[in-house]
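Structure, as structure tokens:
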There are 2 protein chains.
Amino acid sequence: MSKSKQSLTVIPLGGLGEFGMNMMAFRFGDDILVVDAGMMFPESELLGVDLVIPDITYLKQNRQHVRAIVLTHGHEDHIGALPYILRDLNVPIYGTRFTLALVKKRLAEAGLLDSAKLFEAVPGRLVEIGPFEVEFIPVTHSTIDCVALAIRTPVGVVIHSGDFKIDQTPVDHYQFDLHAFARYGNEGVLALFSDSTNVERPGFTPSERVVAPRIEELTRSAPKRVVLTCFASSVHRIQQVIDIADRVGRKVAFVGRSMVDNVEIAHDLGYLRIPDGMVVRPQDIRGFEPRKLIIIASGSQAEPMSSMSRIAVDNHRFVTIDENDTVILSARIIPGNEKAIFRMLDHMFRRRALVYYDNSSGPIHVSGHASQEEQKLLLQLVKPKYFIPVHGEYRHLFRHAALAHQLGVVSGEIMLLEDGKCVEFTEDGAFRRDPVTAGRVLVDSGSLEEIEEVVVRDRKHLSEEGVVIPIIAIDKHTGRVESAPEIVTRGLMSENGNEMLAGARECVARTVEMSNLEERADWSVIKEKIRVDLKRYINKQTSKRPLILPVILEV
Amino acid sequence: MSKSKQSLTVIPLGGLGEFGMNMMAFRFGDDILVVDAGMMFPESELLGVDLVIPDITYLKQNRQHVRAIVLTHGHEDHIGALPYILRDLNVPIYGTRFTLALVKKRLAEAGLLDSAKLFEAVPGRLVEIGPFEVEFIPVTHSTIDCVALAIRTPVGVVIHSGDFKIDQTPVDHYQFDLHAFARYGNEGVLALFSDSTNVERPGFTPSERVVAPRIEELTRSAPKRVVLTCFASSVHRIQQVIDIADRVGRKVAFVGRSMVDNVEIAHDLGYLRIPDGMVVRPQDIRGFEPRKLIIIASGSQAEPMSSMSRIAVDNHRFVTIDENDTVILSARIIPGNEKAIFRMLDHMFRRRALVYYDNSSGPIHVSGHASQEEQKLLLQLVKPKYFIPVHGEYRHLFRHAALAHQLGVVSGEIMLLEDGKCVEFTEDGAFRRDPVTAGRVLVDSGSLEEIEEVVVRDRKHLSEEGVVIPIIAIDKHTGRVESAPEIVTRGLMSENGNEMLAGARECVARTVEMSNLEERADWSVIKEKIRVDLKRYINKQTSKRPLILPVILEV
């Protein structure tokens with residue numbers, strides 16, 4: 001094989017070995033096309049870190065060659081890294097209308113919108129980007145306007161599934177384009193990259209529509225208010241709840257910043273049909289007849305500062321949970337979030353709410369990812385020469401590879417890659433190449449509430465910014481703070497250190513005082529509050545943004 | 001109602017509002033009987049804490065009245081607090097033979113065995129303890145020699161289910177004693193306290209026996225070694241694996257301290273039948289024909305220092321995982337442990353092992369707790385006047401109460417209690433009384449490996465013992481430690497502070513150096529290693545046992 005031959009190199013930068021931070025680069029000669037730029041939420045071991053994005057050292061080293069980032073859909077694990085990456089690498093971005101609308105919002109918050117180069121892609125149409133010809137193929141998923149990508153290069157066509165399920169009765173009637181995949185399959189596909197998320201599930205993922213009957217039944221029989229939480233990007237789900245509200249004669253109120261924003265975007269673009277007079281403003285909820293209202297709130301994962309977390313401990317401005325209110329968790333419980341979510345639901349149970357959180361008596365949530373039969377179907381339609389599972393932890397990629405082996409439609413090789421492990425496709429075959437730098441970059445965004453002040457913090461700079469560890473002892477019976485908070489710092493130089501420390505102690509004590517008993521008992525909530533408040537205080541005093549690691553001792 | 005009337009007061013001290021640390025006191029006049037004394041594992045937010053036990057302030061305040069602790073079975077969440085509680089309160093302990101054997105081991109490790117007063121209870125026989133007459137009723141569960149308790153008092157009989165399922169074909173042929181419950185039901189039962197763990201599951205929990213066919217099939221078709229992990233207390237499961245090994249012509253090796261200990265205890269007492277010549281010693285595993293061996297290892301929850309965690313990263317003295325070895329996780333994935341367990345399994349997948357971890361192709365694990373139909377059956381048999389759900393988070397207690405409402409066999413009241421909330425039963429009825437002190441006490445045992453040095457650390461003593469926060473930055477590409485570790489301390493006074501700190505830095509650096517790359521990449525493992533080594537070093541230097549909170553920064 002000679003180096004002068006034409007070749008396509010695939011460089012996975014994220015999402016092969018973990019869920020989240022999806023990103024993959026395709027290089028043909030001196031031209032690089034990037035698919036997706038996602039973030040992920042950190043594991044609990046990563047204290048003080050807000051989010052994690054892919055290491056783009058490889059792209060920065062090749063910045064003059066990067067032609068574009070092409071987006072498959074608008075979920076955070078596919079677009080969330082853009083505000084951080086565009087600072088270093090302001091390349092054109094292609095995405096469908098709704099995807100771009102979400103991107104615009106994030107870039108505006110980061111102050112990057114004016115300089116961004118955004119291009120709307122239309123499903124079914126072709127776009128030329130350097131030597132790549134990209135077709136955006138409509139697929140179904142748990143958000144709207146999702147696409148797979150067919151990327152034509154001089155050495156062959158590669159298909160990237162994005163995230164998908166095969167929903168034959170989508171709520172918005174935009175069908176999964178089986179024919180496009182069949183057409184490419186007939187023509188011959190060099191390589192398929194396909195979503196492994198649900199490879200542990202046999203069968204077919206049910207249509208998004210299956211949740212409507214049970215949610216309608218719960219809503220019809222609800223004696224008082226209904227509070228439903230789902231992901232703010234689940235536009236289909238939100239549409240179905242609005243339709244149900246209309247049928248049962250209730251109004252809807254949207255609560256939570258991300259919910260309100262996404263509903264507004266989807267509505268403005270015509271993706272959400274909301275009958276006139278249907279919406280109750282959050283500030284009008286309190287006086288509104290409970291039997292006539294469905295509240296749709298963000299915070300399904302019990303994120304510490306989210307609406308649902310606040311509502312659960314009676315700390316939300318407009319919403320309370322009272323006896324016989326109905327609470328519906330219409331979302332997946334993401335592994336790692338169980339404890340926080342169930343702690344939140346237990347607060348609702350204590351308030352004697354009617355709480356529904358699983359599918360045991362009828363589906364109130366359904367996955368947006370393909371199960372095994374759908375994964376096989378895509379493989380059958382595309383019948384690629386090479387198959388590379390993407391989007392999953394190692395065992396998901398492994399099992400997806402095993403599924404393809406069993407199926408037997410891959411004519412060449414099934415390849416198990418991980419982030420940074422490259423493959424070069426030439427007319428002679430597929431060859432593993434030296435790995436490139438890849439991995440996780442930890443981002444400390446200050447707080448999810450003030451995303452406009454985000455800074456990417458390279459932890460090598462710890463010595464410049466330092467670390468602050470507030471230690472508070474909370475009496476488990478009274479919820480009172482025992483003695484003054486301790487503050488341990490390292491690497492945080494300051495002219496007036498003692499004064500600053502005294503102020504920091506006060507700041508922490510104040511935060512705890514202003515929290516109610518249930519918040520104090522919920523470590524994740526109180527720690528996040530302390531972190532946000534202390535960060536703001538220290539930044540004001542020192543203009544620094546140290547790592548803040550609250551430690552709670554229960555005495 | 002007059003105060004002079006006879007009454008029985010129920011004081012829940014643990015397990016009503018959380019899973020684990022089960023403990024409940026029954027007081028008749030001046031006599032107190034305690035049921036169980038369990039521990040639980042801490043949530044990840046509780047840094048540096050090894051385990052959590054119930055607050056026994058109430059019992060200490062009434063120490064002259066506590067007549068005994070009666071144990072239902074030998075699981076840690078029912079006996080694990082004994083080594084800590086007996087230091088304060090050396091009262092008689094009653095339990096069945098296997099339960100007492102496990103208790104003896106723990107007390108011996110804690111140096112408390114000589115002074116302990118242990119009494120063996122025989123299922124089906126009565127024991128008088130002060131004014132209480134206790135019958136130990138055989139029940140089935142995921143370990144052996146388990147009992148429910150019927151406690152006869154002058155105001156009536158109360159029944160405490162312990163943990164149970166209704167296994168009609170138990171591996172050891174010791175049946176769940178339906179007749180005893182029916183007999184008490186006919187006689188009339190004042191109150192039933194029953195296990196809520198699986199109240200979210202409809203139907204009947206299958207028999208322990210259902211796992212044998214699939215495990216046998218996997219073992220017969222295994223091309224090389226089989227490594228199976230389950231809880232060390234799952235004696236039924238271990239027996240079935242031994243029987244399977246015998247049938248398929250393999251030997252067994254037991255690996256991991258708790259597995260080796262429990263097998264020895266169960267075998268000595270005649271609860272485990274092991275054919276002669278069946279056992280291969282751990283040190284002989286390496287040379288043994290892989291096709292002829294099943295390794296049964298502890299560490300199913302990927303505890304940081306456990307055998308399975310070490311095996312997964314190639315850091316076990318005797319066991320490695322190679323291509324085509326079979327790995328079977330024959331245990332529940334306890335919520336909160338998912339990330340650690342799947343990280344462990346992913347290491348096995350990377351070594352090209354055949355990994356089985358769920359029931360999707362046939363059961364390899366089955367629960368030991370009653371599902372809804374069994375919970376209803378117990379309620380039907382006992383038909384108590386009062387019903388109090390125990391063992392669960394709030395929503396489980398709530399749903400168990402709802403199940404009982406739906407069933408309609410409780411003639412008096414269904415009462416939802418939480419830890420510390422008391423109820424007094426008199427001939428006039430049931431009355432809620434002022435709550436007593438109850439809650440969680442955090443225990444720092446040094447490490448699970450050196451439990452003989454355990455100390456109960458009241459966090460109020462933080463100022464005496466101090467806190468040490470080692471901060472290391474690990475390069476995510478090379479796994480190398482970047483620059484010298486930082487050590488932040490507070491409240492740790494020492495004559496020669498600087499010298500000690502320099503030594504501590506060296507200690508941390510050495511720990512990291514001596515760990516392999518996969519261990520360094522697994523934060524939970526590397527943090528636990530740093531904590532254990534540094535604790536030993538600091539204790540040697542200062543005779544103190546500060547709280548140690550390792551922080552890993554990935555750069």
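Order determines the names: the first chain of the structure tokens is A, the second B, and so forth; residues in each chain are numbered 1 upward, and ligands are numbered 1 upward as they are shown.
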
**Request:** With a distance cut-off of 9 Å and only C-alpha atoms, select the neighbouring residues of Leu397 of chain B, excluding the residue or stretch itself and same-chain residues fewer than 5 positions from it, and output the selection as a list in words.
**Result:**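 Close residues of Leu397 of chain B: Leu16, Gly17, Asp195, Ser196, Thr197, Val199, Ile388, Pro389, Val390, His391, Gly392, Ala402, Leu416, Leu417 and Glu418 of chain B.
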
**Distance query segment 70-87 of chain A at most 9 Å, only C-alpha atoms, self and fewer than 2 positions along chain excluded, as a PyMOL selection string** = chain A and resi 15+19-23+33-41+52-54+56+68+89-96+98-103+106-107+109-112+116+136+143-149+160-163+233+443+454-456

**Message:** Given only C-alpha atoms as the basis, pick out the residue of B:Leu547, B:Val189, B:Val210, B:Met259 nearest to Gln380 of chain B.
**Reply:** B:Val189

**Prompt:** Contacts of Ser258 of chain A at 7 Å or less, counting only C-alpha atoms, minus same-chain residues fewer than 2 places along, as a PyMOL selection string?
**Reply:** chain A and resi 232+256+260-262+298

Export of the given selection (all heavy atoms) as a tab-separated table (two decimals), in the first residue's frame:
chain	number	residue	atom	x	y	z
A	232	ALA	N	-36.11	18.75	28.36
A	232	ALA	CA	-36.60	19.94	27.67
A	232	ALA	C	-36.49	19.81	26.16
A	232	ALA	O	-37.18	20.50	25.42
A	232	ALA	CB	-35.83	21.17	28.15
A	256	GLY	N	-39.08	26.19	34.42
A	256	GLY	CA	-37.67	25.84	34.29
A	256	GLY	C	-37.09	26.49	33.05
A	256	GLY	O	-37.70	26.48	31.98
A	260	VAL	N	-38.65	26.35	29.28
A	260	VAL	CA	-39.27	27.55	28.70
A	260	VAL	C	-38.55	27.93	27.40
A	260	VAL	O	-39.19	28.19	26.36
A	260	VAL	CB	-39.20	28.72	29.72
A	260	VAL	CG1	-39.59	30.03	29.07
A	260	VAL	CG2	-40.12	28.40	30.91
A	261	ASP	N	-37.22	27.91	27.42
A	261	ASP	CA	-36.46	28.27	26.23
A	261	ASP	C	-36.74	27.33	25.06
A	261	ASP	O	-36.99	27.77	23.93
A	261	ASP	CB	-34.95	28.21	26.52
A	261	ASP	CG	-34.50	29.39	27.37
A	261	ASP	OD1	-35.32	30.28	27.64
A	261	ASP	OD2	-33.32	29.41	27.75
A	262	ASN	N	-36.69	26.03	25.33
A	262	ASN	CA	-36.86	25.08	24.23
A	262	ASN	C	-38.27	25.11	23.66
A	262	ASN	O	-38.45	24.98	22.45
A	262	ASN	CB	-36.52	23.66	24.70
A	262	ASN	CG	-35.02	23.42	24.74
A	262	ASN	OD1	-34.25	24.37	24.73
A	262	ASN	ND2	-34.62	22.16	24.76
A	298	SER	N	-38.73	21.23	33.81
A	298	SER	CA	-37.42	20.60	33.58
A	298	SER	C	-36.83	20.15	34.91
A	298	SER	O	-37.32	20.50	35.97
A	298	SER	CB	-36.48	21.56	32.85
A	298	SER	OG	-36.51	22.83	33.44

**Request:** Check the smallest atom-to-atom distance from each of B:Asp276, B:Asp30, B:Asp434, B:Glu393 to chain A using only C-alpha atoms, then report the winner.
**Result:**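 Of the candidates, the smallest distance to chain A is held by B:Glu393.
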
Write out as a Markdown table the residues of segment 257-376 of chain A that have any atom within 8 Å of an atom of segment 510-523 of chain A, one row each with the nearest atom pair and its distance in Å to one decimal, counting only C-alpha atoms, sorted by chain and then rising number.
| residue | atom | partner | partner_atom | distance |
| --- | --- | --- | --- | --- |
| A:Val313 | CA | A:Glu518 | CA | 5.9 |
| A:Asn315 | CA | A:Asn516 | CA | 7.9 |
| A:Arg343 | CA | A:Asp522 | CA | 8.0 |

For those residues, write N, CA and C atoms to a file as a PDB file, in the first residue's frame.
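Result file selection.pdb:
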ATOM      1  N   VAL A 313     -38.543  20.283  47.346  1.00  0.00           N
ATOM      2  CA  VAL A 313     -38.256  20.690  48.722  1.00  0.00           C
ATOM      3  C   VAL A 313     -38.924  22.027  49.052  1.00  0.00           C
ATOM      4  N   ASN A 315     -39.109  24.898  47.509  1.00  0.00           N
ATOM      5  CA  ASN A 315     -38.245  26.058  47.380  1.00  0.00           C
ATOM      6  C   ASN A 315     -38.333  26.638  45.975  1.00  0.00           C
ATOM      7  N   ARG A 343     -34.325  10.497  45.812  1.00  0.00           N
ATOM      8  CA  ARG A 343     -34.414  11.401  46.959  1.00  0.00           C
ATOM      9  C   ARG A 343     -35.453  12.488  46.662  1.00  0.00           C
TER      10      ARG A 343
END

**Prompt:** With only C-alpha atoms as the atoms that count, which of A:Val134, A:Val171, A:Leu192, A:Ala266 lies nearest to Val241 of chain A?
**Reply:**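 Of A:Val134, A:Val171, A:Leu192, A:Ala266, the one nearest Val241 of chain A is A:Val171, counting only C-alpha atoms.
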
**Request:** Using only C-alpha atoms, pick whichever of B:Leu379, B:Val319, B:Ile11, B:Ala404 has the shortest atom-to-atom distance to Ser307 of chain B.
**Result:** B:Val319

**Message:** Can you tell me, as a list in words, which residues in segment 123-188 of chain A count as helix (DSSP H, G or I) by DSSP?
**Reply:**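 The residues of segment 123-188 of chain A classed as helix (DSSP H, G or I) are Leu178, His179, Ala180, Phe181, Ala182, Arg183, Tyr184, Gly185, Asn186 and Glu187 of chain A.
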
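Across the structure, atom CA of Ala191 of chain A and atom CA of Lys385 of chain A are spaced 5.8 Å apart.
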
**Message:** Write out as number ranges by chain the set of residues from segment 308-512 of chain A that DSSP, computed on the backbone, places in strand (DSSP E or B).
**Reply:** A: 326-329, 354-356, 386-390, 392-393, 414, 422-426, 429-433, 440-444, 455, 467-474, 481, 486-490

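Taking atom CA of Lys339 of chain B as the reference point, atom CA of Lys339 of chain A is found at 12.9 Å.
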
**Asked** Do you have the atom CA of Leu178 of chain B-atom CA of Glu120 of chain B distance handy?
**Response**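 Going from atom CA of Leu178 of chain B over to atom CA of Glu120 of chain B, I get 22.7 Å.
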
**Request:** Can you pull out every residue within 10 Å of Ser306 of chain A, counting only C-alpha atoms, but drop anything in the same chain fewer than 4 positions away, and send it as a list in words?
**Result:** Val255, Gly256, Arg257, Ser258, Ala297, Ser298, Gly299, Ser300, Gln301, Ala302, Arg310, Ile311, His316, Leu448, Glu449 and Val525 of chain A

Deliver the residues from the most recent selection as a file, using N, CA, C and O atoms, as a PDB file, in the first residue's frame.
ATOM      1  N   VAL A 255     -42.252  25.337  33.155  1.00  0.00           N
ATOM      2  CA  VAL A 255     -41.465  25.803  34.287  1.00  0.00           C
ATOM      3  C   VAL A 255     -40.021  25.306  34.141  1.00  0.00           C
ATOM      4  O   VAL A 255     -39.791  24.159  33.782  1.00  0.00           O
ATOM      5  N   GLY A 256     -39.085  26.185  34.419  1.00  0.00           N
ATOM      6  CA  GLY A 256     -37.670  25.844  34.290  1.00  0.00           C
ATOM      7  C   GLY A 256     -37.091  26.494  33.053  1.00  0.00           C
ATOM      8  O   GLY A 256     -37.702  26.483  31.983  1.00  0.00           O
ATOM      9  N   ARG A 257     -35.906  27.053  33.220  1.00  0.00           N
ATOM     10  CA  ARG A 257     -35.320  27.838  32.140  1.00  0.00           C
ATOM     11  C   ARG A 257     -35.187  27.046  30.840  1.00  0.00           C
ATOM     12  O   ARG A 257     -35.599  27.507  29.770  1.00  0.00           O
ATOM     13  N   SER A 258     -34.641  25.838  30.909  1.00  0.00           N
ATOM     14  CA  SER A 258     -34.403  25.112  29.667  1.00  0.00           C
ATOM     15  C   SER A 258     -35.725  24.700  29.031  1.00  0.00           C
ATOM     16  O   SER A 258     -35.863  24.708  27.807  1.00  0.00           O
ATOM     17  N   ALA A 297     -42.265  20.600  33.644  1.00  0.00           N
ATOM     18  CA  ALA A 297     -41.090  21.193  34.286  1.00  0.00           C
ATOM     19  C   ALA A 297     -39.807  20.496  33.852  1.00  0.00           C
ATOM     20  O   ALA A 297     -39.804  19.298  33.573  1.00  0.00           O
ATOM     21  N   SER A 298     -38.726  21.226  33.813  1.00  0.00           N
ATOM     22  CA  SER A 298     -37.417  20.603  33.578  1.00  0.00           C
ATOM     23  C   SER A 298     -36.834  20.145  34.912  1.00  0.00           C
ATOM     24  O   SER A 298     -37.316  20.503  35.972  1.00  0.00           O
ATOM     25  N   GLY A 299     -35.799  19.320  34.820  1.00  0.00           N
ATOM     26  CA  GLY A 299     -35.172  18.806  36.039  1.00  0.00           C
ATOM     27  C   GLY A 299     -35.471  17.338  36.280  1.00  0.00           C
ATOM     28  O   GLY A 299     -35.448  16.878  37.413  1.00  0.00           O
ATOM     29  N   SER A 300     -35.733  16.585  35.204  1.00  0.00           N
ATOM     30  CA  SER A 300     -36.096  15.173  35.378  1.00  0.00           C
ATOM     31  C   SER A 300     -34.958  14.363  35.994  1.00  0.00           C
ATOM     32  O   SER A 300     -35.196  13.305  36.563  1.00  0.00           O
ATOM     33  N   GLN A 301     -33.733  14.839  35.897  1.00  0.00           N
ATOM     34  CA  GLN A 301     -32.611  14.106  36.473  1.00  0.00           C
ATOM     35  C   GLN A 301     -32.250  14.628  37.868  1.00  0.00           C
ATOM     36  O   GLN A 301     -31.187  14.335  38.397  1.00  0.00           O
ATOM     37  N   ALA A 302     -33.134  15.432  38.468  1.00  0.00           N
ATOM     38  CA  ALA A 302     -32.914  15.957  39.816  1.00  0.00           C
ATOM     39  C   ALA A 302     -31.609  16.745  39.896  1.00  0.00           C
ATOM     40  O   ALA A 302     -30.914  16.685  40.904  1.00  0.00           O
ATOM     41  N   ARG A 310     -36.108  21.941  43.164  1.00  0.00           N
ATOM     42  CA  ARG A 310     -36.602  23.013  44.024  1.00  0.00           C
ATOM     43  C   ARG A 310     -38.051  22.765  44.437  1.00  0.00           C
ATOM     44  O   ARG A 310     -38.429  22.974  45.583  1.00  0.00           O
ATOM     45  N   ILE A 311     -38.858  22.347  43.484  1.00  0.00           N
ATOM     46  CA  ILE A 311     -40.268  22.085  43.783  1.00  0.00           C
ATOM     47  C   ILE A 311     -40.382  21.016  44.873  1.00  0.00           C
ATOM     48  O   ILE A 311     -41.188  21.128  45.800  1.00  0.00           O
ATOM     49  N   HIS A 316     -39.498  26.490  45.350  1.00  0.00           N
ATOM     50  CA  HIS A 316     -39.684  27.063  44.025  1.00  0.00           C
ATOM     51  C   HIS A 316     -40.607  28.270  44.141  1.00  0.00           C
ATOM     52  O   HIS A 316     -41.548  28.258  44.926  1.00  0.00           O
ATOM     53  N   LEU A 448     -24.609  26.188  36.262  1.00  0.00           N
ATOM     54  CA  LEU A 448     -25.452  26.053  35.085  1.00  0.00           C
ATOM     55  C   LEU A 448     -26.316  27.291  34.902  1.00  0.00           C
ATOM     56  O   LEU A 448     -26.840  27.547  33.838  1.00  0.00           O
ATOM     57  N   GLU A 449     -26.437  28.065  35.965  1.00  0.00           N
ATOM     58  CA  GLU A 449     -27.285  29.254  35.903  1.00  0.00           C
ATOM     59  C   GLU A 449     -26.592  30.439  35.245  1.00  0.00           C
ATOM     60  O   GLU A 449     -27.218  31.356  34.805  1.00  0.00           O
ATOM     61  N   VAL A 525     -27.745  19.135  46.898  1.00  0.00           N
ATOM     62  CA  VAL A 525     -28.314  20.475  46.755  1.00  0.00           C
ATOM     63  C   VAL A 525     -27.505  21.499  47.543  1.00  0.00           C
ATOM     64  O   VAL A 525     -27.089  22.531  47.011  1.00  0.00           O
TER      65      VAL A 525
END
